[in-house]
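S.K.: Next up, data.txt (compact mmCIF, C-alpha atoms and all ligand atoms).
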# COMPACT_ATOMS: atom_id res chain seq x y z
CA MET A 1092 10.44 50.42 69.53
CA ILE A 1093 12.26 47.59 67.77
CA SER A 1094 15.91 47.23 68.68
CA ARG A 1095 17.16 43.65 68.07
CA ILE A 1096 16.87 42.26 64.54
CA LEU A 1097 17.18 38.72 63.17
CA VAL A 1098 17.76 38.22 59.44
CA THR A 1099 17.19 34.74 57.97
CA GLY A 1100 18.73 33.89 54.60
CA ALA A 1101 21.13 36.78 55.22
CA GLY A 1102 23.79 35.45 52.87
CA GLY A 1103 21.57 35.79 49.80
CA GLN A 1104 21.30 38.46 47.13
CA ILE A 1105 19.04 40.72 49.19
CA GLY A 1106 20.03 39.62 52.70
CA SER A 1107 23.73 40.37 52.27
CA GLU A 1108 22.98 44.02 51.45
CA LEU A 1109 19.95 44.42 53.71
CA THR A 1110 22.03 43.25 56.68
CA CYS A 1111 24.51 46.09 56.04
CA ALA A 1112 21.67 48.61 55.71
CA LEU A 1113 20.06 47.37 58.94
CA ARG A 1114 23.37 47.52 60.80
CA ALA A 1115 23.75 51.14 59.74
CA ILE A 1116 20.38 51.90 61.39
CA TYR A 1117 20.25 49.58 64.42
CA GLY A 1118 23.97 49.17 65.16
CA ASN A 1119 26.21 46.28 64.08
CA ASP A 1120 25.73 44.17 67.22
CA ASN A 1121 21.94 44.50 67.12
CA VAL A 1122 21.50 42.78 63.76
CA ILE A 1123 21.97 39.01 63.92
CA ALA A 1124 22.61 37.67 60.43
CA THR A 1125 21.78 33.98 59.95
CA ASP A 1126 21.84 31.54 57.06
CA LEU A 1127 21.78 27.83 56.36
CA SER A 1128 24.98 28.16 54.39
CA GLU A 1129 28.42 28.60 55.91
CA ASN A 1130 29.39 30.58 52.77
CA ALA A 1131 27.28 33.45 54.06
CA ARG A 1132 29.67 33.97 56.97
CA ALA A 1133 32.41 35.45 54.78
CA LYS A 1134 29.99 38.05 53.37
CA ILE A 1135 28.45 39.35 56.58
CA ALA A 1136 30.34 38.22 59.69
CA ALA A 1137 33.01 40.94 59.51
CA ASP A 1138 30.68 43.73 60.63
CA GLY A 1139 28.48 41.96 63.19
CA PRO A 1140 27.12 38.69 64.56
CA PHE A 1141 26.56 35.73 62.24
CA GLU A 1142 25.05 32.36 63.16
CA LEU A 1143 24.15 29.28 61.18
CA LEU A 1144 20.37 28.79 61.23
CA ASP A 1145 18.16 26.41 59.24
CA VAL A 1146 14.61 27.79 59.29
CA MET A 1147 13.32 24.22 58.96
CA GLN A 1148 14.51 23.66 62.56
CA LYS A 1149 11.78 25.44 64.50
CA ASN A 1150 13.41 24.83 67.88
CA ASN A 1151 16.60 26.44 66.64
CA VAL A 1152 14.71 29.47 65.31
CA GLU A 1153 13.07 29.82 68.72
CA ALA A 1154 16.39 29.41 70.55
CA MET A 1155 17.98 32.07 68.33
CA ILE A 1156 15.19 34.55 69.10
CA LYS A 1157 15.54 33.91 72.83
CA LYS A 1158 19.35 33.95 72.86
CA HIS A 1159 19.56 37.35 71.17
CA GLY A 1160 16.40 38.99 72.60
CA ILE A 1161 15.05 39.46 69.06
CA ASP A 1162 12.03 41.75 68.55
CA GLY A 1163 12.13 42.26 64.75
CA ILE A 1164 12.66 39.69 61.96
CA PHE A 1165 13.46 39.95 58.26
CA HIS A 1166 12.65 36.48 56.94
CA LEU A 1167 14.50 36.12 53.63
CA ALA A 1168 15.37 32.41 53.54
CA ALA A 1169 13.69 30.90 50.48
CA ILE A 1170 14.06 28.87 47.30
CA LEU A 1171 13.52 31.00 44.17
CA SER A 1172 11.65 30.27 40.94
CA ALA A 1173 14.18 28.46 38.75
CA VAL A 1174 15.58 26.26 41.52
CA GLY A 1175 11.99 25.71 42.68
CA GLU A 1176 11.03 24.22 39.31
CA GLN A 1177 14.01 21.83 39.62
CA LYS A 1178 13.24 20.97 43.26
CA PRO A 1179 9.53 21.53 43.90
CA ASN A 1180 9.39 19.65 47.22
CA LEU A 1181 12.32 21.61 48.60
CA ALA A 1182 10.70 24.90 47.54
CA TRP A 1183 7.39 23.90 49.12
CA ASN A 1184 9.00 22.86 52.40
CA ILE A 1185 11.40 25.76 52.89
CA ASN A 1186 9.10 28.47 51.60
CA ILE A 1187 6.00 27.36 53.49
CA GLN A 1188 7.11 25.36 56.55
CA GLY A 1189 10.14 27.63 56.99
CA ALA A 1190 7.89 30.71 57.08
CA MET A 1191 5.46 29.07 59.52
CA ASN A 1192 8.35 28.09 61.79
CA VAL A 1193 9.52 31.70 61.85
CA PHE A 1194 5.99 33.06 62.41
CA ASP A 1195 5.26 30.53 65.20
CA ALA A 1196 8.56 31.16 66.97
CA ALA A 1197 8.03 34.92 66.64
CA ARG A 1198 4.47 34.70 68.01
CA ASP A 1199 5.55 32.62 71.01
CA ASN A 1200 8.50 34.85 71.89
CA GLY A 1201 7.12 38.37 71.71
CA VAL A 1202 8.61 39.45 68.36
CA LYS A 1203 6.95 42.76 67.50
CA ARG A 1204 7.27 42.87 63.70
CA ILE A 1205 8.22 40.60 60.79
CA PHE A 1206 9.09 41.52 57.22
CA ALA A 1207 8.55 38.51 54.91
CA PRO A 1208 8.89 39.34 51.21
CA SER A 1209 6.62 38.00 48.53
CA SER A 1210 7.23 38.21 44.78
CA MET A 1211 5.63 39.19 41.49
CA ALA A 1212 5.68 35.38 41.01
CA VAL A 1213 2.31 35.29 42.81
CA PHE A 1214 0.80 36.34 39.49
CA GLY A 1215 0.15 33.97 36.60
CA PRO A 1216 -1.16 33.83 33.06
CA THR A 1217 -4.77 34.54 34.13
CA THR A 1218 -3.78 37.83 35.81
CA PRO A 1219 -3.82 41.05 33.74
CA PHE A 1220 -0.26 41.35 32.37
CA ASP A 1221 -0.16 45.14 32.06
CA ASN A 1222 -0.21 47.40 35.09
CA THR A 1223 -1.13 44.34 37.19
CA PRO A 1224 -3.50 45.53 39.93
CA GLN A 1225 -2.81 45.26 43.66
CA ASP A 1226 -5.82 43.08 44.40
CA THR A 1227 -6.28 40.66 41.52
CA ILE A 1228 -6.25 37.02 40.39
CA LEU A 1229 -3.48 34.94 42.02
CA GLN A 1230 -3.14 31.73 40.00
CA PRO A 1231 0.61 31.22 39.50
CA THR A 1232 1.86 28.28 37.47
CA THR A 1233 5.23 27.89 39.25
CA ILE A 1234 5.69 26.10 42.56
CA TYR A 1235 7.60 29.17 43.80
CA GLY A 1236 4.66 31.43 42.99
CA MET A 1237 2.26 29.07 44.74
CA THR A 1238 4.39 29.09 47.90
CA LYS A 1239 4.48 32.89 47.85
CA VAL A 1240 0.67 33.12 47.56
CA ILE A 1241 0.35 30.77 50.52
CA ASP A 1242 2.93 32.74 52.53
CA GLU A 1243 1.00 35.96 51.93
CA LEU A 1244 -2.16 34.23 53.17
CA ILE A 1245 -0.51 32.59 56.17
CA GLY A 1246 0.87 36.00 57.13
CA LYS A 1247 -2.65 37.45 56.99
CA TYR A 1248 -3.93 34.53 59.06
CA TYR A 1249 -1.36 35.17 61.79
CA ILE A 1250 -2.23 38.88 61.73
CA GLN A 1251 -5.97 38.18 62.10
CA ARG A 1252 -5.72 35.29 64.52
CA TYR A 1253 -2.81 36.34 66.75
CA GLY A 1254 -2.65 40.10 66.24
CA MET A 1255 0.86 39.89 64.81
CA ASP A 1256 2.48 42.64 62.70
CA ILE A 1257 3.69 40.97 59.48
CA ARG A 1258 4.53 42.98 56.37
CA GLY A 1259 5.73 42.15 52.89
CA VAL A 1260 6.15 43.39 49.35
CA ARG A 1261 5.89 41.57 46.04
CA TYR A 1262 9.39 42.36 44.82
CA PRO A 1263 9.95 42.49 41.07
CA GLY A 1264 13.30 41.12 39.78
CA ILE A 1265 16.06 42.66 41.88
CA ILE A 1266 19.26 43.77 40.14
CA SER A 1267 22.38 44.23 42.26
CA ASN A 1268 26.16 44.08 42.26
CA ALA A 1269 27.19 42.76 45.67
CA THR A 1270 25.94 39.16 45.81
CA LEU A 1271 24.88 37.11 42.80
CA PRO A 1272 21.22 36.03 42.69
CA GLY A 1273 20.30 32.62 44.05
CA GLY A 1274 18.46 30.80 41.24
CA GLY A 1275 15.59 32.89 39.89
CA THR A 1276 14.23 33.72 36.45
CA THR A 1277 15.24 37.39 36.60
CA ASP A 1278 18.90 36.43 37.28
CA TYR A 1279 19.78 37.21 33.65
CA ALA A 1280 19.39 40.92 34.42
CA VAL A 1281 22.30 40.70 36.87
CA GLN A 1282 24.52 38.29 34.94
CA ILE A 1283 24.32 40.43 31.80
CA TYR A 1284 26.27 43.23 33.55
CA TYR A 1285 28.99 40.90 34.88
CA ASP A 1286 29.42 39.27 31.47
CA ALA A 1287 29.44 42.66 29.73
CA VAL A 1288 32.36 43.77 31.92
CA LYS A 1289 34.19 40.45 31.89
CA TYR A 1290 33.66 39.13 28.35
CA GLY A 1291 32.03 41.94 26.36
CA LYS A 1292 29.23 39.55 25.42
CA TYR A 1293 26.33 37.66 27.01
CA GLU A 1294 24.12 34.70 26.11
CA CYS A 1295 20.63 35.34 27.47
CA PHE A 1296 18.31 32.53 28.60
CA LEU A 1297 15.19 34.61 27.83
CA LYS A 1298 13.95 35.93 24.46
CA GLU A 1299 14.91 39.48 23.57
CA ASP A 1300 11.37 40.86 23.93
CA THR A 1301 10.49 39.32 27.33
CA MET A 1302 9.21 42.27 29.34
CA LEU A 1303 9.51 41.98 33.14
CA PRO A 1304 9.31 44.41 36.08
CA MET A 1305 12.74 45.04 37.66
CA MET A 1306 14.27 47.17 40.43
CA TYR A 1307 17.77 48.26 41.42
CA MET A 1308 18.98 47.17 44.87
CA PRO A 1309 19.13 50.67 46.45
CA ASP A 1310 15.40 51.03 45.74
CA CYS A 1311 14.75 47.51 47.03
CA LEU A 1312 16.49 48.34 50.31
CA LYS A 1313 14.68 51.66 50.61
CA GLY A 1314 11.27 50.06 49.98
CA THR A 1315 11.96 47.24 52.43
CA LEU A 1316 13.04 49.57 55.23
CA ASP A 1317 10.32 52.16 54.55
CA LEU A 1318 7.57 49.54 54.79
CA PHE A 1319 9.12 48.02 57.92
CA HIS A 1320 9.17 51.45 59.56
CA ALA A 1321 5.78 52.66 58.25
CA LYS A 1322 3.05 53.59 60.72
CA ARG A 1323 0.79 50.56 61.07
CA GLU A 1324 -2.37 52.72 61.27
CA ARG A 1325 -1.80 53.88 57.68
CA LEU A 1326 -1.52 50.37 56.20
CA ILE A 1327 -4.61 48.90 54.56
CA HIS A 1328 -2.63 46.05 52.98
CA ASN A 1329 0.02 44.11 54.87
CA THR A 1330 1.82 41.03 53.51
CA ASP A 1331 1.25 41.66 49.80
CA PHE A 1332 2.15 45.14 48.57
CA ASN A 1333 2.81 45.38 44.82
CA LEU A 1334 6.13 47.15 44.27
CA ALA A 1335 7.55 48.45 40.99
CA ALA A 1336 10.31 50.58 39.57
CA PHE A 1337 10.67 50.00 35.79
CA SER A 1338 9.88 47.29 33.22
CA VAL A 1339 12.46 46.11 30.69
CA THR A 1340 13.26 43.41 28.14
CA PRO A 1341 16.70 41.79 27.70
CA LYS A 1342 17.02 43.91 24.55
CA ASP A 1343 16.37 47.10 26.55
CA ILE A 1344 19.17 46.21 28.99
CA TYR A 1345 21.45 45.30 26.09
CA MET A 1346 20.77 48.68 24.44
CA SER A 1347 21.33 50.48 27.73
CA ILE A 1348 24.71 48.76 28.25
CA LYS A 1349 25.66 49.52 24.63
CA LYS A 1350 25.35 53.24 25.36
CA TYR A 1351 28.40 52.87 27.62
CA MET A 1352 30.03 49.83 25.95
CA PRO A 1353 29.38 50.15 22.18
CA ASP A 1354 31.05 46.80 21.37
CA PHE A 1355 28.88 44.76 23.76
CA GLU A 1356 27.18 41.79 22.05
CA ILE A 1357 24.21 39.61 23.03
CA THR A 1358 22.81 36.29 21.81
CA TYR A 1359 19.58 34.60 22.89
CA LYS A 1360 19.13 30.94 23.84
CA PRO A 1361 15.83 30.61 25.75
CA ASP A 1362 15.54 27.69 28.21
CA PHE A 1363 12.90 26.46 30.71
CA ARG A 1364 12.92 29.86 32.42
CA GLN A 1365 11.19 31.41 29.39
CA ALA A 1366 7.89 29.76 30.37
CA ILE A 1367 8.22 31.13 33.90
CA ALA A 1368 8.92 34.65 32.63
CA ASP A 1369 6.02 34.42 30.16
CA SER A 1370 3.63 33.76 33.06
CA TRP A 1371 4.66 36.94 34.96
CA PRO A 1372 3.46 40.54 34.52
CA ASN A 1373 4.85 43.06 32.04
CA SER A 1374 4.29 45.90 34.48
CA ILE A 1375 2.86 46.39 37.96
CA ASP A 1376 0.55 48.92 39.60
CA ASP A 1377 2.13 49.87 42.92
CA SER A 1378 -0.28 52.69 43.79
CA SER A 1379 -1.23 51.10 47.15
CA ALA A 1380 2.41 51.18 48.29
CA ARG A 1381 2.64 54.78 47.10
CA ALA A 1382 -0.55 55.77 48.94
CA GLU A 1383 -0.09 53.79 52.17
CA TRP A 1384 3.62 54.31 52.90
CA ASP A 1385 4.85 56.85 50.33
CA TRP A 1386 6.79 54.41 48.13
CA LYS A 1387 8.68 56.06 45.26
CA PRO A 1388 11.62 54.50 43.38
CA SER A 1389 14.69 56.52 42.37
CA PHE A 1390 16.49 54.48 39.69
CA ASP A 1391 15.46 54.00 36.07
CA LEU A 1392 17.22 51.64 33.64
CA ASP A 1393 19.99 53.96 32.43
CA ALA A 1394 20.80 55.31 35.90
CA MET A 1395 21.10 51.71 37.12
CA THR A 1396 23.20 50.61 34.14
CA LEU A 1397 25.68 53.43 34.70
CA ASP A 1398 26.06 52.49 38.37
CA MET A 1399 26.22 48.72 37.75
CA LEU A 1400 28.95 49.07 35.12
CA LYS A 1401 30.93 51.48 37.28
CA VAL A 1402 30.84 49.31 40.41
CA ILE A 1403 31.41 45.96 38.67
CA GLY A 1404 34.05 47.48 36.37
CA GLU A 1405 36.06 48.95 39.25
CA ARG A 1406 35.85 45.75 41.23
CA TYR A 1407 36.84 43.66 38.22
CA LYS A 1408 39.90 45.86 37.57
CA ARG A 1409 40.99 45.44 41.19
CA GLY A 1410 40.41 41.66 41.07
CA LEU A 1411 38.03 41.87 44.02
CA ILE A 1412 34.86 40.02 44.90
CA VAL A 1413 32.05 41.77 46.59
CA ASN A 1414 31.30 42.70 50.16
CA CYS A 1415 29.62 45.09 52.58
P1 LIG B 1501 18.71 34.13 47.63
O1 LIG B 1501 18.43 32.83 46.98
O2 LIG B 1501 19.78 34.98 47.05
O3 LIG B 1501 19.04 33.93 49.17
C1 LIG B 1501 18.28 33.05 49.97
C2 LIG B 1501 19.15 32.64 51.14
O4 LIG B 1501 18.38 31.74 51.91
C3 LIG B 1501 20.43 31.91 50.73
O5 LIG B 1501 21.55 32.55 51.31
C4 LIG B 1501 20.25 30.50 51.25
O6 LIG B 1501 21.46 29.91 51.74
C5 LIG B 1501 19.27 30.74 52.39
N1 LIG B 1501 18.50 29.54 52.73
C6 LIG B 1501 17.97 28.60 51.92
N2 LIG B 1501 17.37 27.65 52.63
C7 LIG B 1501 17.49 28.01 53.93
C8 LIG B 1501 17.06 27.42 55.15
N3 LIG B 1501 16.40 26.25 55.19
N4 LIG B 1501 17.33 28.07 56.30
C9 LIG B 1501 18.01 29.24 56.29
N5 LIG B 1501 18.47 29.83 55.17
C10 LIG B 1501 18.19 29.21 54.00
O7 LIG B 1501 17.32 34.93 47.69
P2 LIG B 1501 17.09 36.51 47.65
O8 LIG B 1501 17.07 36.91 46.23
O9 LIG B 1501 17.99 37.20 48.59
O10 LIG B 1501 15.57 36.56 48.15
C11 LIG B 1501 15.22 36.91 49.47
C12 LIG B 1501 13.71 36.92 49.54
O11 LIG B 1501 13.19 37.86 48.59
C13 LIG B 1501 13.04 35.58 49.19
O12 LIG B 1501 11.87 35.43 49.97
C14 LIG B 1501 12.63 35.76 47.75
O13 LIG B 1501 11.54 34.96 47.40
C15 LIG B 1501 12.27 37.22 47.72
N6 LIG B 1501 12.35 37.80 46.37
C16 LIG B 1501 13.55 38.02 45.78
C17 LIG B 1501 13.60 38.58 44.51
C18 LIG B 1501 14.90 38.83 43.80
O14 LIG B 1501 14.88 39.23 42.63
N7 LIG B 1501 16.05 38.64 44.44
C19 LIG B 1501 12.41 38.91 43.86
C20 LIG B 1501 11.21 38.62 44.48
C21 LIG B 1501 11.18 38.10 45.76
C1 LIG B 1502 12.91 34.96 40.64
O1 LIG B 1502 13.20 35.23 39.46
O2 LIG B 1502 12.57 33.84 41.04
C2 LIG B 1502 12.90 36.09 41.64
C3 LIG B 1502 11.53 36.65 41.79
C4 LIG B 1502 11.02 37.61 40.81
O3 LIG B 1502 10.84 36.28 42.70
N1 LIG B 1502 13.85 37.07 41.22
Represent the supplied structure as structure tokens.

M.R.:
Amino acid sequence: MISRILVTGAGGQIGSELTCALRAIYGNDNVIATDLSENARAKIAADGPFELLDVMQKNNVEAMIKKHGIDGIFHLAAILSAVGEQKPNLAWNINIQGAMNVFDAARDNGVKRIFAPSSMAVFGPTTPFDNTPQDTILQPTTIYGMTKVIDELIGKYYIQRYGMDIRGVRYPGIISNATLPGGGTTDYAVQIYYDAVKYGKYECFLKEDTMLPMMYMPDCLKGTLDLFHAKRERLIHNTDFNLAAFSVTPKDIYMSIKKYMPDFEITYKPDFRQAIADSWPNSIDDSSARAEWDWKPSFDLDAMTLDMLKVIGERYKRGLIVNC
């Protein structure tokens, strides 16, 4: 049984909420939240342990595992697609060497299970765009996507060669209201809600008809935890599960917000992120996740919109910023 969890990149969009969810299951003191950035401390140190940790420092990762008797890791530290295109070397180093440092340190110190997420960014323009299959062509055109393909493969290598238990999903764009996203192409789908509440209008950096797979954070957390806790004997795949909830365009989100805020306005000014979005799937086949560990999402677009506007609206009225 796993009892002591380390989260890397815990201050990020997913980590800040996943840490809370893990603490609710394993107990506050048993989930060690870590991040490179001191800013993360304010988000997650109130409820449990927080330590600064740069995953590029393998000795420090190892020392952290030993110090806290860690037996399960959620490795979330990464550079996302848009920042990756601005800083390709940084993305390569953190996403690949950082993951290997975590896998090596875990292997050498008896860690029983690792969750290391991948992304729909592993797909590219030569992959079928509609209902993208689980096992298909992986020829991404972004540096971020390339690092995620390699991470999936390195994970499989460590499973085969060292008998490790490493699991991961290819998240679609994650939409949430606690921590702002950290520099991806799907970030527009979060910012649109904040700007709707704050300004009543939004300028979108993608074209109105750019269809992308998305997921609301409660489903992301559920999928992450369900795969981590799934019986290993049932899993045919491991580091690379396709995961989907719904597919939307910026116009779809705009229309959904307009149902609750009729005066909301949107304009479109595509930038370099359009090419990234154009290389990713329209929709994803997640039947392997459904068959192997009973994955099923709960939120569709309108249910998410209602919740996003409620939470952000209340917080905005009270002048508060986010937290667990
Ligand atoms: P994020 O950018 O919001 O957070 C990443 C965190 O990693 C940040 O807090 C950052 O400070 C930290 N970090 C960066 N370099 C580090 C280093 N060297 N050592 C330690 N920490 C470091 O990212 P996220 O959205 O929370 O993504 C988490 C994981 O999920 C990533 O692997 C990402 O590729 C994957 N993913 C996310 C999405 C999404 O829509 N959010 C979609 C697909 C996949
Ligand atoms: C990004 O846009 O880079 C991420 C992702 C889909 O991996 N949200």

S.K.: Could you build a table of the residues in chain A lying no more than 7 Å from ligand LIG 1502 (chain B), giving for each the nearest pair of atoms and their separation in Å rounded to one decimal place, using only C-alpha atoms and all ligand atoms, ordered by chain and ascending residue number, as a Markdown table?

M.R.:
| residue | atom | partner | partner_atom | distance |
| --- | --- | --- | --- | --- |
| A:Leu1171 | CA | B:LIG1502 | O2 | 4.3 |
| A:Ser1172 | CA | B:LIG1502 | O2 | 3.7 |
| A:Ala1173 | CA | B:LIG1502 | O2 | 6.1 |
| A:Ser1210 | CA | B:LIG1502 | O3 | 4.6 |
| A:Met1211 | CA | B:LIG1502 | C4 | 5.7 |
| A:Ala1212 | CA | B:LIG1502 | O3 | 5.5 |
| A:Tyr1262 | CA | B:LIG1502 | C4 | 6.4 |
| A:Pro1263 | CA | B:LIG1502 | C4 | 5.0 |
| A:Gly1264 | CA | B:LIG1502 | C4 | 4.3 |
| A:Ile1265 | CA | B:LIG1502 | N1 | 6.0 |
| A:Gly1274 | CA | B:LIG1502 | O2 | 6.6 |
| A:Gly1275 | CA | B:LIG1502 | O2 | 3.4 |
| A:Thr1276 | CA | B:LIG1502 | O1 | 3.5 |
| A:Thr1277 | CA | B:LIG1502 | O1 | 4.1 |
| A:Asp1278 | CA | B:LIG1502 | O1 | 6.2 |

S.K.: Those residues you just picked out, can you put them in a file as a tab-separated table (two decimals), in the frame of the given file with C-alpha atoms?

M.R.:
chain	number	residue	atom	x	y	z
A	1171	LEU	CA	13.52	31.00	44.17
A	1172	SER	CA	11.65	30.27	40.94
A	1173	ALA	CA	14.18	28.46	38.75
A	1210	SER	CA	7.23	38.21	44.78
A	1211	MET	CA	5.63	39.19	41.49
A	1212	ALA	CA	5.68	35.38	41.01
A	1262	TYR	CA	9.39	42.36	44.82
A	1263	PRO	CA	9.95	42.49	41.07
A	1264	GLY	CA	13.30	41.12	39.78
A	1265	ILE	CA	16.06	42.66	41.88
A	1274	GLY	CA	18.46	30.80	41.24
A	1275	GLY	CA	15.59	32.89	39.89
A	1276	THR	CA	14.23	33.72	36.45
A	1277	THR	CA	15.24	37.39	36.60
A	1278	ASP	CA	18.90	36.43	37.28

S.K.: Please identify every polymer residue within 7 Å of ligand LIG 1501 (chain B), using only C-alpha atoms and all ligand atoms, and present the set as a ChimeraX atom specification.

M.R.: /A:1099-1106,1126-1128,1131,1144-1147,1167-1171,1185,1189,1207-1211,1261-1266,1271-1275,1277

S.K.: Of the candidates A:Val1288, A:Pro1388, A:His1328, A:Leu1316, which shows the shortest atom-to-atom distance to A:Glu1405, using all atoms listed in the file?

M.R.: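 Going through A:Val1288, A:Pro1388, A:His1328, A:Leu1316 one by one, the smallest distance to A:Glu1405 is for A:Val1288.
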
S.K.: Rank nothing, just name the residue among A:Met1302, A:Ala1380, A:Ile1283, A:Ile1344 nearest to A:Ala1368, using only C-alpha atoms.

M.R.: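 Of the candidates, the smallest distance to A:Ala1368 is held by A:Met1302.
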
S.K.: With a distance cut-off of 10 Å and only C-alpha atoms, select the neighbouring residues of A:Met1092, excluding the residue or stretch itself and same-chain residues fewer than 3 positions from it, and output the selection as a VMD selection string.

M.R.: chain A and resid 1095 1162 to 1163 1203

S.K.: Smallest atom-to-atom distance to A:Asp1362: which of A:Asp1317, A:Asp1310, A:Glu1324, A:Glu1294, using all atoms listed in the file?

M.R.: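 Distance minimum relative to A:Asp1362 lands on A:Glu1294.
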